[in-house]
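Below is one structure, written out as structure tokens; the observations come after it.
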Amino acid sequence: MSDQSPASAELLTRIRERKPLIHHITNIVVANDTANITLAIGALPVMAPAKEEVEEMVGLASALVLNIGTLTEELIEAMLRAGKRANERGIPIILDPVGAGATRFRTQNALRLLSELHISVLRGNAAEIGALVGIAGETRGVESISTGASPELIAHTAAQELSCVVAITGPRDIIVHNERHSEVANGHPMLATITGSGCMSTSLIAAFMAVEADPWLATIAGLVAMGIVGEVAAPKSSGPGTFRAQLLDAVAALTPEQLSSQQKVDLP
Amino acid sequence: MSDQSPASAELLTRIRERKPLIHHITNIVVANDTANITLAIGALPVMAPAKEEVEEMVGLASALVLNIGTLTEELIEAMLRAGKRANERGIPIILDPVGAGATRFRTQNALRLLSELHISVLRGNAAEIGALVGIAGETRGVESISTGASPELIAHTAAQELSCVVAITGPRDIIVHNERHSEVANGHPMLATITGSGCMSTSLIAAFMAVEADPWLATIAGLVAMGIVGEVAAPKSSGPGTFRAQLLDAVAALTPEQLSSQQKVDLP
Amino acid sequence: MSDQSPASAELLTRIRERKPLIHHITNIVVANDTANITLAIGALPVMAPAKEEVEEMVGLASALVLNIGTLTEELIEAMLRAGKRANERGIPIILDPVGAGATRFRTQNALRLLSELHISVLRGNAAEIGALVGIAGETRGVESISTGASPELIAHTAAQELSCVVAITGPRDIIVHNERHSEVANGHPMLATITGSGCMSTSLIAAFMAVEADPWLATIAGLVAMGIVGEVAAPKSSGPGTFRAQLLDAVAALTPEQLSSQQKVDLP
């Protein structure tokens with residue numbers, strides 16, 4: 001149990017009171033699941049990818065999700081426009097560098113977004129984050145197969161070099177920001193059996209970022225929430241298809257009390 | 001109970017006999033759900049967005065759905081081409097102006113479609129439809145937060161100005177065409193907990209439009225169907241994830257008898 | 001029971017041991033379902049449509065899926081680039097010509113892919129495959145309504161003209177390659193009640209192609225797997241929504257023993 005217990009619970013209450021708009025520029029695989037999980041946690045999703053409207057749309061939003069899962073040249077342009085406007089207006093951005101390391105196109109564009117925008121939180125798996133700081137690993141498509149260093153070292157290196165909160169998710173989630181380091185042990189192996197569970201984590205973090213100025217706390221809260229709902233959904237499921245439905249049910253039913261009492265957060 | 005009872009039931013039977021093709025030009029969030037609900041009601045969906053083929057594809061279809069949920073410049077061009085061909089051939093069009101009012105890009109392009117095409121039915125929430133007739137409201141992304149006038153006034157204003165059937169969906173659905181006004185009280189609050197329930201309503205209306213020349217009757221039938229399946233699915237669900245699955249099951253199991261006996265239609 | 005029994009079972013074991021990456025260039029309707037079924041069978045999906053990265057991405061993959069369900073000009077370019085690189089590196093390609101015959105755009109581009117690339121397997125319904133060899137049928141959108149010849153004749157004609165394995169799926173799946181002809185009787189009518197079951201079959205075949213050099217054997221194994229999971233999922237479902245979830249559960253739970261003992265393969 002940690003000092004953040006009351007904070008995460010209080011943040012969930014705030015999300016449900018304020019219903020913040022979360023602007024996503026995301027991929028065709030998870031657009032539905034991430035919209036639904038954003039609704040289920042109590043926020044409002046909008047998926048708006050057109051460069052003609054992203055600046056206006058992000059102006060209405062309380063957080064911006066940039067997810068490069070099915071990136072195209074046009075989406076990069078939209079992400080840069082949306083991100084610059086978000087930065088001007090102080091709207092926090094979370095970047096999900098799906099598949100970074102698999103192709104130069106993904107690695108370089110993720111780095112370009114990190115260079116041209118102020119990104120508050122970067123969430124990915126160890127190989128993706130490693131690729132962004134030159135630590136060679138093996139990404140098989142969008143999965144992290146192996147990494148050239150420990151997730152802890154990758155997270156600390158990335159947090160320092162990229163000057164943002166870095167969250168590496170896996171069996172244990174590692175969240176690093178400046179001198180701060182935290183780990184979230186909530187979760188369930190079934191989360192790895194469906195596509196987009198990482199992207200859904202990113203959407204949950206964004207919902208918490210929309211109501212909490214400290215992105216480190218918001219990231220912990222989002223990952224605790226995702227972990228707990230995985231734990232709740234797994235025993236009610238007979239496989240990935242039913243798990244996916246139960247996961248959404250668990251998010252909608254998640255209470256502040258659950259966040260407090262079931263979280264497994266280490267602040268070593 | 002209304003005079004339309006036998007009509008809606010008969011229309012469902014016609015859909016299942018004729019299996020009309022419903023051409024969708026739609027968004028990346030709901031493409032799967034709207035295809036599946038179209039199949040479940042007994043029609044055949046095709047999602048075809050390329051400007052190179054939309055004119056040929058719509059020529060095979062019995063109704064055309066234009067949904068601007070993740071609109072891009074390219075999709076506008078495709079919608080205009082498909083819509084013009086649909087008009088030439090007398091194929092009815094339904095427009096779902098997702099997020100109109102949130103950005104000028106959405107508002108202006110929805111108005112452009114309404115101006116350059118003959119649209120039979122316009123279905124949206126109160127803020128979206130209000131934005132198209134200059135009644136200021138608050139759209140948070142794609143959700144209607146508040147409106148500057150009653151849904152009834154917005155619906156009547158829009159029906160007059162835009163010369164089409166206007167359906168504003170919400171706790172009570174309002175359907176207006178010329179001097180005709182109807183309300184559908186079927187539905188369940190859980191419909192608002194999943195993304196795309198509005199878009200799915202639009203697809204159901206399109207299926208009924210494909211077999212009924214009067215778009216006002218088709219719209220009532222579609223909204224009654226959506227409302228009833230929400231009522232059937234909700235008690236079988238433990239949250240939005242299982243509700244989404246149960247909803248589709250309920251559509252596939254929907255009978256003409258249910259449409260007749262369970263509909264709550266007011267013709268004030 | 002056939003000579004292929006042990007082969008299919010062994011191939012499933014190989015997929016789960018090797019976790020091959022399956023690169024998909026696919027459509028917005030089924031991107032999520034095909035990614036999830038690829039994961040459930042034990043392989044790793046990546047959906048990467050950008051022409052800037054497809055050559056590099058396919059270089060990491062063990063099979064390439066080209067699915068024209070929501071084809072655009074940009075996707076054709078990406079498919080050609082990915083396919084050429086795949087051919088150079090000996091990575092097998094499966095083409096799913098969704099909606100061929102419905103529009104010239106689809107028919108001509110499917111033929112272009114077949115002409116410019118070496119395609120190992122072509123999987124579609126009878127009308128789609130018929131359209132590619134000039135046998136007129138009726139495709140209503142993406143559904144095969146009727147065909148001008150028997151599926152057997154269409155499959156044999158296509159296999160000869162197009163020099164690849166041809167799989168026509170339906171109540172009985174027909175798989176033809178050169179002089180070889182096989183039929184798979186596994187399956188369930190509920191598979192036709194959801195969108196994308198054909199596309200999901202294609203993804204399963206691709207996973208088997210990734211671990212078996214003979215595309216004819218891989219295709220049989222993939223279609224047997226799809227048929228068996230349909231049979232398992234149907235009695236656990238109350239309609240298409242729950243069927244879709246149960247189907248994914250059944251794929252994840254599929255054992256080599258099931259593939260051997262439950263397969264219905266005819267080698268006439």
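Residue numbers start at 1 in each chain; chains themselves are named A, B, ... in the order of the structure tokens; ligands are numbered from 1 in the order shown.
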
Near chain C, which residues of chain B fall within 8 Å when you count only C-alpha atoms, and what do they look like as a JSON list (two decimals) with N, CA and C atoms, in the first residue's frame?
[["chain", "number", "residue", "atom", "x", "y", "z"],
["B", 21, "LEU", "N", -28.57, -4.67, -49.76],
["B", 21, "LEU", "CA", -27.19, -4.24, -49.52],
["B", 21, "LEU", "C", -27.18, -2.80, -49.01],
["B", 23, "HIS", "N", -24.73, 0.20, -48.33],
["B", 23, "HIS", "CA", -23.38, 0.73, -48.55],
["B", 23, "HIS", "C", -23.07, 1.77, -47.47],
["B", 28, "ILE", "N", -13.61, 4.61, -38.60],
["B", 28, "ILE", "CA", -12.79, 3.47, -38.18],
["B", 28, "ILE", "C", -13.21, 2.93, -36.81],
["B", 31, "ALA", "N", -16.86, 0.71, -37.64],
["B", 31, "ALA", "CA", -17.03, -0.05, -38.88],
["B", 31, "ALA", "C", -17.44, -1.49, -38.59],
["B", 32, "ASN", "N", -16.81, -2.11, -37.61],
["B", 32, "ASN", "CA", -17.14, -3.50, -37.31],
["B", 32, "ASN", "C", -18.53, -3.63, -36.70],
["B", 35, "ALA", "N", -21.26, -3.00, -39.30],
["B", 35, "ALA", "CA", -21.37, -4.13, -40.23],
["B", 35, "ALA", "C", -22.11, -5.28, -39.56],
["B", 36, "ASN", "N", -21.74, -5.57, -38.33],
["B", 36, "ASN", "CA", -22.37, -6.69, -37.64],
["B", 36, "ASN", "C", -23.85, -6.46, -37.35],
["B", 39, "LEU", "N", -25.82, -6.99, -40.56],
["B", 39, "LEU", "CA", -26.01, -8.43, -40.79],
["B", 39, "LEU", "C", -27.08, -9.00, -39.86],
["B", 40, "ALA", "N", -27.03, -8.58, -38.60],
["B", 40, "ALA", "CA", -27.93, -9.17, -37.60],
["B", 40, "ALA", "C", -29.39, -8.84, -37.88],
["B", 44, "LEU", "N", -27.35, -6.80, -45.72],
["B", 44, "LEU", "CA", -25.96, -7.07, -46.02],
["B", 44, "LEU", "C", -25.18, -5.77, -46.02],
["B", 45, "PRO", "N", -24.13, -5.68, -45.23],
["B", 45, "PRO", "CA", -23.33, -4.46, -45.21],
["B", 45, "PRO", "C", -22.20, -4.52, -46.22],
["B", 46, "VAL", "N", -21.83, -3.37, -46.78],
["B", 46, "VAL", "CA", -20.54, -3.27, -47.43],
["B", 46, "VAL", "C", -19.95, -1.93, -47.06],
["B", 47, "MET", "N", -18.71, -1.97, -46.60],
["B", 47, "MET", "CA", -17.97, -0.77, -46.24],
["B", 47, "MET", "C", -17.01, -0.49, -47.38],
["B", 48, "ALA", "N", -17.28, 0.54, -48.16],
["B", 48, "ALA", "CA", -16.44, 0.81, -49.32],
["B", 48, "ALA", "C", -16.20, 2.31, -49.39],
["B", 49, "PRO", "N", -15.00, 2.75, -48.99],
["B", 49, "PRO", "CA", -14.72, 4.17, -48.91],
["B", 49, "PRO", "C", -13.94, 4.76, -50.09],
["B", 50, "ALA", "N", -13.47, 3.95, -51.02],
["B", 50, "ALA", "CA", -12.57, 4.51, -52.05],
["B", 50, "ALA", "C", -13.35, 5.27, -53.11],
["B", 52, "GLU", "N", -12.69, 5.75, -56.01],
["B", 52, "GLU", "CA", -12.64, 5.06, -57.30],
["B", 52, "GLU", "C", -13.78, 4.07, -57.48],
["B", 53, "GLU", "N", -14.40, 3.62, -56.41],
["B", 53, "GLU", "CA", -15.40, 2.56, -56.57],
["B", 53, "GLU", "C", -16.77, 2.89, -55.99],
["B", 56, "GLU", "N", -19.87, 2.87, -58.34],
["B", 56, "GLU", "CA", -20.28, 1.55, -58.80],
["B", 56, "GLU", "C", -20.90, 0.76, -57.64],
["B", 57, "MET", "N", -20.29, 0.87, -56.47],
["B", 57, "MET", "CA", -20.80, 0.10, -55.33],
["B", 57, "MET", "C", -22.20, 0.55, -54.93],
["B", 60, "LEU", "N", -25.20, -0.87, -56.58],
["B", 60, "LEU", "CA", -25.66, -2.21, -56.19],
["B", 60, "LEU", "C", -26.48, -2.18, -54.91],
["B", 61, "ALA", "N", -26.46, -1.02, -54.22],
["B", 61, "ALA", "CA", -27.01, -0.94, -52.87],
["B", 61, "ALA", "C", -28.46, -0.46, -52.88],
["B", 244, "ARG", "N", -22.56, -5.07, -25.26],
["B", 244, "ARG", "CA", -22.29, -4.96, -26.69],
["B", 244, "ARG", "C", -22.53, -6.29, -27.40],
["B", 245, "ALA", "N", -22.13, -7.39, -26.76],
["B", 245, "ALA", "CA", -22.35, -8.71, -27.35],
["B", 245, "ALA", "C", -23.83, -9.08, -27.31],
["B", 246, "GLN", "N", -24.47, -8.81, -26.18],
["B", 246, "GLN", "CA", -25.89, -9.16, -26.05],
["B", 246, "GLN", "C", -26.76, -8.35, -27.01],
["B", 247, "LEU", "N", -26.34, -7.12, -27.27],
["B", 247, "LEU", "CA", -27.10, -6.26, -28.18],
["B", 247, "LEU", "C", -27.19, -6.90, -29.57],
["B", 248, "LEU", "N", -26.05, -7.38, -30.03],
["B", 248, "LEU", "CA", -26.02, -8.00, -31.34],
["B", 248, "LEU", "C", -26.86, -9.28, -31.35],
["B", 249, "ASP", "N", -26.78, -10.04, -30.28],
["B", 249, "ASP", "CA", -27.62, -11.25, -30.17],
["B", 249, "ASP", "C", -29.10, -10.88, -30.24],
["B", 250, "ALA", "N", -29.46, -9.79, -29.56],
["B", 250, "ALA", "CA", -30.87, -9.38, -29.53],
["B", 250, "ALA", "C", -31.36, -8.92, -30.90],
["B", 252, "ALA", "N", -30.25, -10.05, -33.80],
["B", 252, "ALA", "CA", -30.42, -11.25, -34.63],
["B", 252, "ALA", "C", -31.69, -12.02, -34.25],
["B", 253, "ALA", "N", -32.04, -11.94, -32.97],
["B", 253, "ALA", "CA", -33.22, -12.69, -32.48],
["B", 253, "ALA", "C", -34.51, -11.88, -32.56]]

Fit result for chain C on chain B over all paired C-alpha atoms, given as a short mmCIF file (atom, residue, chain, number, x, y, z; two decimals) with C-alpha atoms, in the first residue's frame:
data_model
loop_
_atom_site.label_atom_id
_atom_site.label_comp_id
_atom_site.auth_asym_id
_atom_site.auth_seq_id
_atom_site.Cartn_x
_atom_site.Cartn_y
_atom_site.Cartn_z
CA MET C 1 -49.39 1.51 -29.53
CA SER C 2 -49.63 3.23 -32.86
CA ASP C 3 -50.82 2.83 -36.40
CA GLN C 4 -47.29 1.97 -37.41
CA SER C 5 -47.25 -1.30 -35.48
CA PRO C 6 -47.98 -3.62 -38.35
CA ALA C 7 -45.81 -1.57 -40.68
CA SER C 8 -42.60 -1.97 -38.64
CA ALA C 9 -43.14 -5.69 -38.20
CA GLU C 10 -43.80 -6.13 -41.90
CA LEU C 11 -40.68 -4.13 -42.74
CA LEU C 12 -38.50 -6.43 -40.67
CA THR C 13 -39.87 -9.39 -42.56
CA ARG C 14 -39.10 -7.63 -45.82
CA ILE C 15 -35.49 -6.96 -44.77
CA ARG C 16 -34.95 -10.62 -44.02
CA GLU C 17 -36.53 -11.72 -47.28
CA ARG C 18 -34.74 -9.23 -49.51
CA LYS C 19 -31.36 -8.96 -47.75
CA PRO C 20 -30.75 -5.47 -49.14
CA LEU C 21 -27.18 -4.24 -49.51
CA ILE C 22 -26.38 -1.23 -47.33
CA HIS C 23 -23.37 0.74 -48.56
CA HIS C 24 -21.56 2.45 -45.69
CA ILE C 25 -18.94 5.16 -45.94
CA THR C 26 -18.13 5.33 -42.28
CA ASN C 27 -15.54 5.69 -39.54
CA ILE C 28 -12.78 3.46 -38.18
CA VAL C 29 -14.35 3.26 -34.71
CA VAL C 30 -17.68 1.66 -35.56
CA ALA C 31 -17.03 -0.05 -38.89
CA ASN C 32 -17.14 -3.50 -37.31
CA ASP C 33 -20.15 -2.90 -35.06
CA THR C 34 -22.21 -1.32 -37.82
CA ALA C 35 -21.38 -4.13 -40.24
CA ASN C 36 -22.38 -6.69 -37.64
CA ILE C 37 -25.66 -5.02 -36.71
CA THR C 38 -26.56 -4.69 -40.38
CA LEU C 39 -26.02 -8.43 -40.80
CA ALA C 40 -27.93 -9.17 -37.61
CA ILE C 41 -31.06 -7.30 -38.71
CA GLY C 42 -31.00 -9.33 -41.92
CA ALA C 43 -29.42 -6.94 -44.43
CA LEU C 44 -25.95 -7.07 -46.02
CA PRO C 45 -23.33 -4.45 -45.22
CA VAL C 46 -20.54 -3.27 -47.44
CA MET C 47 -17.97 -0.76 -46.24
CA ALA C 48 -16.44 0.81 -49.33
CA PRO C 49 -14.72 4.17 -48.91
CA ALA C 50 -12.57 4.50 -52.06
CA LYS C 51 -13.62 7.29 -54.39
CA GLU C 52 -12.64 5.05 -57.32
CA GLU C 53 -15.40 2.56 -56.58
CA VAL C 54 -18.14 4.22 -54.55
CA GLU C 55 -20.29 5.11 -57.56
CA GLU C 56 -20.29 1.55 -58.80
CA MET C 57 -20.80 0.10 -55.33
CA VAL C 58 -23.73 2.32 -54.43
CA GLY C 59 -25.37 1.28 -57.68
CA LEU C 60 -25.67 -2.22 -56.18
CA ALA C 61 -27.02 -0.95 -52.86
CA SER C 62 -30.51 -0.26 -51.57
CA ALA C 63 -29.44 2.44 -49.11
CA LEU C 64 -26.36 4.56 -48.43
CA VAL C 65 -25.01 5.49 -44.98
CA LEU C 66 -22.76 8.54 -44.74
CA ASN C 67 -21.12 8.76 -41.31
CA ILE C 68 -18.57 11.50 -40.62
CA GLY C 69 -17.14 10.05 -37.40
CA THR C 70 -13.52 10.01 -38.60
CA LEU C 71 -13.93 12.26 -41.59
CA THR C 72 -11.02 13.13 -43.88
CA GLU C 73 -10.87 15.18 -47.08
CA GLU C 74 -10.72 11.96 -49.11
CA LEU C 75 -13.85 10.60 -47.49
CA ILE C 76 -15.78 13.78 -48.26
CA GLU C 77 -14.98 13.36 -51.93
CA ALA C 78 -16.08 9.72 -51.78
CA MET C 79 -19.29 10.66 -49.96
CA LEU C 80 -20.17 13.30 -52.56
CA ARG C 81 -19.56 10.92 -55.45
CA ALA C 82 -21.51 8.10 -53.84
CA GLY C 83 -24.30 10.43 -52.82
CA LYS C 84 -24.73 11.94 -56.28
CA ARG C 85 -24.96 8.54 -57.86
CA ALA C 86 -27.39 7.42 -55.16
CA ASN C 87 -29.57 10.44 -55.86
CA GLU C 88 -29.55 9.75 -59.61
CA ARG C 89 -30.66 6.18 -58.99
CA GLY C 90 -33.19 6.94 -56.27
CA ILE C 91 -31.26 5.12 -53.57
CA PRO C 92 -32.06 6.70 -50.18
CA ILE C 93 -29.27 8.30 -48.12
CA ILE C 94 -29.00 8.65 -44.35
CA LEU C 95 -26.46 11.07 -42.89
CA ASP C 96 -24.97 10.66 -39.41
CA PRO C 97 -23.25 13.98 -38.63
CA VAL C 98 -21.03 12.61 -35.85
CA GLY C 99 -19.42 15.43 -33.92
CA ALA C 100 -21.02 18.25 -35.90
CA GLY C 101 -20.65 21.37 -33.81
CA ALA C 102 -17.38 20.18 -32.28
CA THR C 103 -15.28 21.45 -35.19
CA ARG C 104 -15.97 23.69 -38.17
CA PHE C 105 -14.63 20.89 -40.39
CA ARG C 106 -17.42 18.58 -39.28
CA THR C 107 -20.18 21.19 -39.26
CA GLN C 108 -19.28 22.60 -42.65
CA ASN C 109 -18.85 19.26 -44.33
CA ALA C 110 -22.09 17.93 -42.91
CA LEU C 111 -23.80 21.05 -44.28
CA ARG C 112 -22.06 20.57 -47.62
CA LEU C 113 -23.38 17.01 -47.85
CA LEU C 114 -26.87 18.28 -46.96
CA SER C 115 -26.59 21.02 -49.56
CA GLU C 116 -25.14 19.06 -52.48
CA LEU C 117 -27.06 15.85 -51.94
CA HIS C 118 -30.65 14.94 -51.37
CA ILE C 119 -30.49 13.36 -47.93
CA SER C 120 -33.59 11.42 -46.85
CA VAL C 121 -32.81 11.10 -43.15
CA LEU C 122 -30.50 12.98 -40.80
CA ARG C 123 -29.90 11.22 -37.47
CA GLY C 124 -27.85 12.66 -34.64
CA ASN C 125 -27.95 13.87 -31.07
CA ALA C 126 -29.48 17.22 -30.14
CA ALA C 127 -26.20 19.17 -30.14
CA GLU C 128 -25.12 17.79 -33.51
CA ILE C 129 -28.42 18.59 -35.21
CA GLY C 130 -28.62 21.95 -33.43
CA ALA C 131 -25.19 22.90 -34.77
CA LEU C 132 -26.40 22.32 -38.32
CA VAL C 133 -29.21 24.86 -37.95
CA GLY C 134 -27.27 27.42 -35.94
CA ILE C 135 -28.71 26.59 -32.54
CA ALA C 136 -25.69 26.75 -30.31
CA GLY C 137 -25.17 23.83 -27.97
CA GLU C 138 -22.25 22.09 -26.41
CA THR C 139 -20.82 19.05 -28.11
CA ARG C 140 -18.03 17.48 -26.15
CA GLY C 141 -16.33 15.57 -28.91
CA VAL C 142 -19.13 13.39 -30.16
CA GLU C 143 -21.38 13.70 -27.12
CA SER C 144 -24.19 16.15 -26.70
CA ILE C 145 -23.67 17.94 -23.38
CA SER C 146 -26.26 20.65 -23.59
CA THR C 147 -28.26 22.43 -26.19
CA GLY C 148 -29.53 25.96 -26.58
CA ALA C 149 -33.05 24.81 -27.26
CA SER C 150 -35.30 21.82 -26.66
CA PRO C 151 -34.70 18.76 -28.83
CA GLU C 152 -38.25 19.19 -30.15
CA LEU C 153 -37.53 22.70 -31.37
CA ILE C 154 -34.21 21.68 -32.87
CA ALA C 155 -35.80 18.76 -34.69
CA HIS C 156 -38.60 20.87 -36.13
CA THR C 157 -36.25 23.65 -37.16
CA ALA C 158 -33.89 21.21 -38.83
CA ALA C 159 -36.64 19.29 -40.60
CA GLN C 160 -37.93 22.51 -42.06
CA GLU C 161 -34.61 24.10 -42.99
CA LEU C 162 -32.97 20.95 -44.27
CA SER C 163 -36.07 19.40 -45.89
CA CYS C 164 -35.50 15.88 -44.70
CA VAL C 165 -36.58 13.52 -41.96
CA VAL C 166 -34.74 14.55 -38.81
CA ALA C 167 -34.23 12.07 -36.00
CA ILE C 168 -32.78 13.28 -32.72
CA THR C 169 -31.96 10.33 -30.53
CA GLY C 170 -31.72 10.43 -26.76
CA PRO C 171 -33.76 9.17 -23.83
CA ARG C 172 -36.74 9.82 -26.10
CA ASP C 173 -36.14 9.78 -29.83
CA ILE C 174 -37.84 12.53 -31.80
CA ILE C 175 -38.62 12.01 -35.47
CA VAL C 176 -39.89 14.93 -37.54
CA HIS C 177 -40.77 15.26 -41.19
CA ASN C 178 -42.77 18.14 -42.61
CA GLU C 179 -45.88 18.22 -40.47
CA ARG C 180 -45.30 14.80 -39.02
CA HIS C 181 -43.88 14.35 -35.54
CA SER C 182 -43.32 11.11 -33.69
CA GLU C 183 -41.49 9.98 -30.58
CA VAL C 184 -40.01 6.63 -29.69
CA ALA C 185 -39.71 5.84 -26.02
CA ASN C 186 -38.00 2.48 -26.41
CA GLY C 187 -34.40 2.24 -25.27
CA HIS C 188 -32.21 1.75 -22.24
CA PRO C 189 -29.57 3.89 -20.51
CA MET C 190 -26.95 1.21 -21.24
CA LEU C 191 -27.08 2.20 -24.91
CA ALA C 192 -25.22 5.36 -23.88
CA THR C 193 -22.43 3.36 -22.24
CA ILE C 194 -20.96 2.03 -25.48
CA THR C 195 -19.44 3.88 -28.37
CA GLY C 196 -21.27 3.71 -31.64
CA SER C 197 -24.81 3.03 -30.47
CA GLY C 198 -25.94 6.09 -32.42
CA CYS C 199 -24.06 4.87 -35.49
CA MET C 200 -25.66 1.46 -35.08
CA SER C 201 -29.11 3.10 -34.96
CA THR C 202 -28.26 4.79 -38.22
CA SER C 203 -27.40 1.44 -39.81
CA LEU C 204 -30.68 -0.07 -38.62
CA ILE C 205 -32.63 2.86 -40.02
CA ALA C 206 -30.80 2.39 -43.32
CA ALA C 207 -31.85 -1.26 -43.44
CA PHE C 208 -35.48 -0.21 -42.99
CA MET C 209 -35.11 2.58 -45.57
CA ALA C 210 -33.98 -0.06 -48.04
CA VAL C 211 -37.41 -1.72 -47.90
CA GLU C 212 -39.76 1.21 -47.16
CA ALA C 213 -40.16 4.20 -49.44
CA ASP C 214 -41.36 6.52 -46.69
CA PRO C 215 -38.21 7.48 -44.76
CA TRP C 216 -40.26 8.68 -41.79
CA LEU C 217 -41.76 5.22 -41.28
CA ALA C 218 -38.38 3.58 -41.84
CA THR C 219 -36.77 5.83 -39.24
CA ILE C 220 -39.42 5.04 -36.65
CA ALA C 221 -39.01 1.33 -37.31
CA GLY C 222 -35.22 1.50 -37.03
CA LEU C 223 -35.31 3.42 -33.78
CA VAL C 224 -37.96 1.16 -32.29
CA ALA C 225 -35.81 -1.83 -33.21
CA MET C 226 -32.71 -0.28 -31.63
CA GLY C 227 -34.62 0.65 -28.50
CA ILE C 228 -36.17 -2.79 -28.06
CA VAL C 229 -32.86 -4.62 -28.47
CA GLY C 230 -31.35 -2.31 -25.87
CA GLU C 231 -34.15 -3.24 -23.50
CA VAL C 232 -33.62 -6.95 -24.19
CA ALA C 233 -29.84 -6.85 -23.89
CA ALA C 234 -29.50 -4.74 -20.74
CA PRO C 235 -30.76 -7.23 -18.15
CA LYS C 236 -28.52 -9.92 -19.67
CA SER C 237 -25.40 -7.77 -19.32
CA SER C 238 -23.01 -6.99 -16.49
CA GLY C 239 -21.52 -3.92 -18.14
CA PRO C 240 -20.77 -2.34 -21.51
CA GLY C 241 -18.60 -5.20 -22.79
CA THR C 242 -21.18 -7.92 -22.34
CA PHE C 243 -23.95 -5.48 -23.34
CA ARG C 244 -22.30 -4.96 -26.71
CA ALA C 245 -22.36 -8.71 -27.36
CA GLN C 246 -25.90 -9.16 -26.05
CA LEU C 247 -27.11 -6.26 -28.19
CA LEU C 248 -26.02 -8.01 -31.35
CA ASP C 249 -27.62 -11.25 -30.18
CA ALA C 250 -30.88 -9.38 -29.52
CA VAL C 251 -30.90 -7.86 -33.00
CA ALA C 252 -30.43 -11.25 -34.63
CA ALA C 253 -33.23 -12.69 -32.48
CA LEU C 254 -35.61 -9.76 -32.98
CA THR C 255 -38.98 -10.86 -34.33
CA PRO C 256 -41.69 -8.94 -36.14
CA GLU C 257 -43.94 -9.79 -33.20
CA GLN C 258 -41.56 -8.07 -30.77
CA LEU C 259 -41.50 -4.97 -32.95
CA SER C 260 -45.29 -4.83 -32.86
CA SER C 261 -45.92 -5.68 -29.25
CA GLN C 262 -43.03 -3.93 -27.53
CA GLN C 263 -42.80 -0.70 -29.47
CA LYS C 264 -43.50 2.55 -27.64
CA VAL C 265 -44.29 5.05 -30.35
CA ASP C 266 -46.16 8.29 -29.75
CA LEU C 267 -47.74 10.20 -32.56
CA PRO C 268 -48.80 13.29 -30.64
#

### Task
Apply DSSP to the structure's backbone, then extract all residues of region 124-204 of chain B labelled helix (DSSP H, G or I) and return them as a VMD selection string.
chain B and resid 126 to 132 151 to 162 189 to 193 197 to 204

### Task
Could you give me, as a count of residues only, each residue of region 15-222 of chain B that DSSP assigns to strand (DSSP E) when run on this structure's backbone?
45
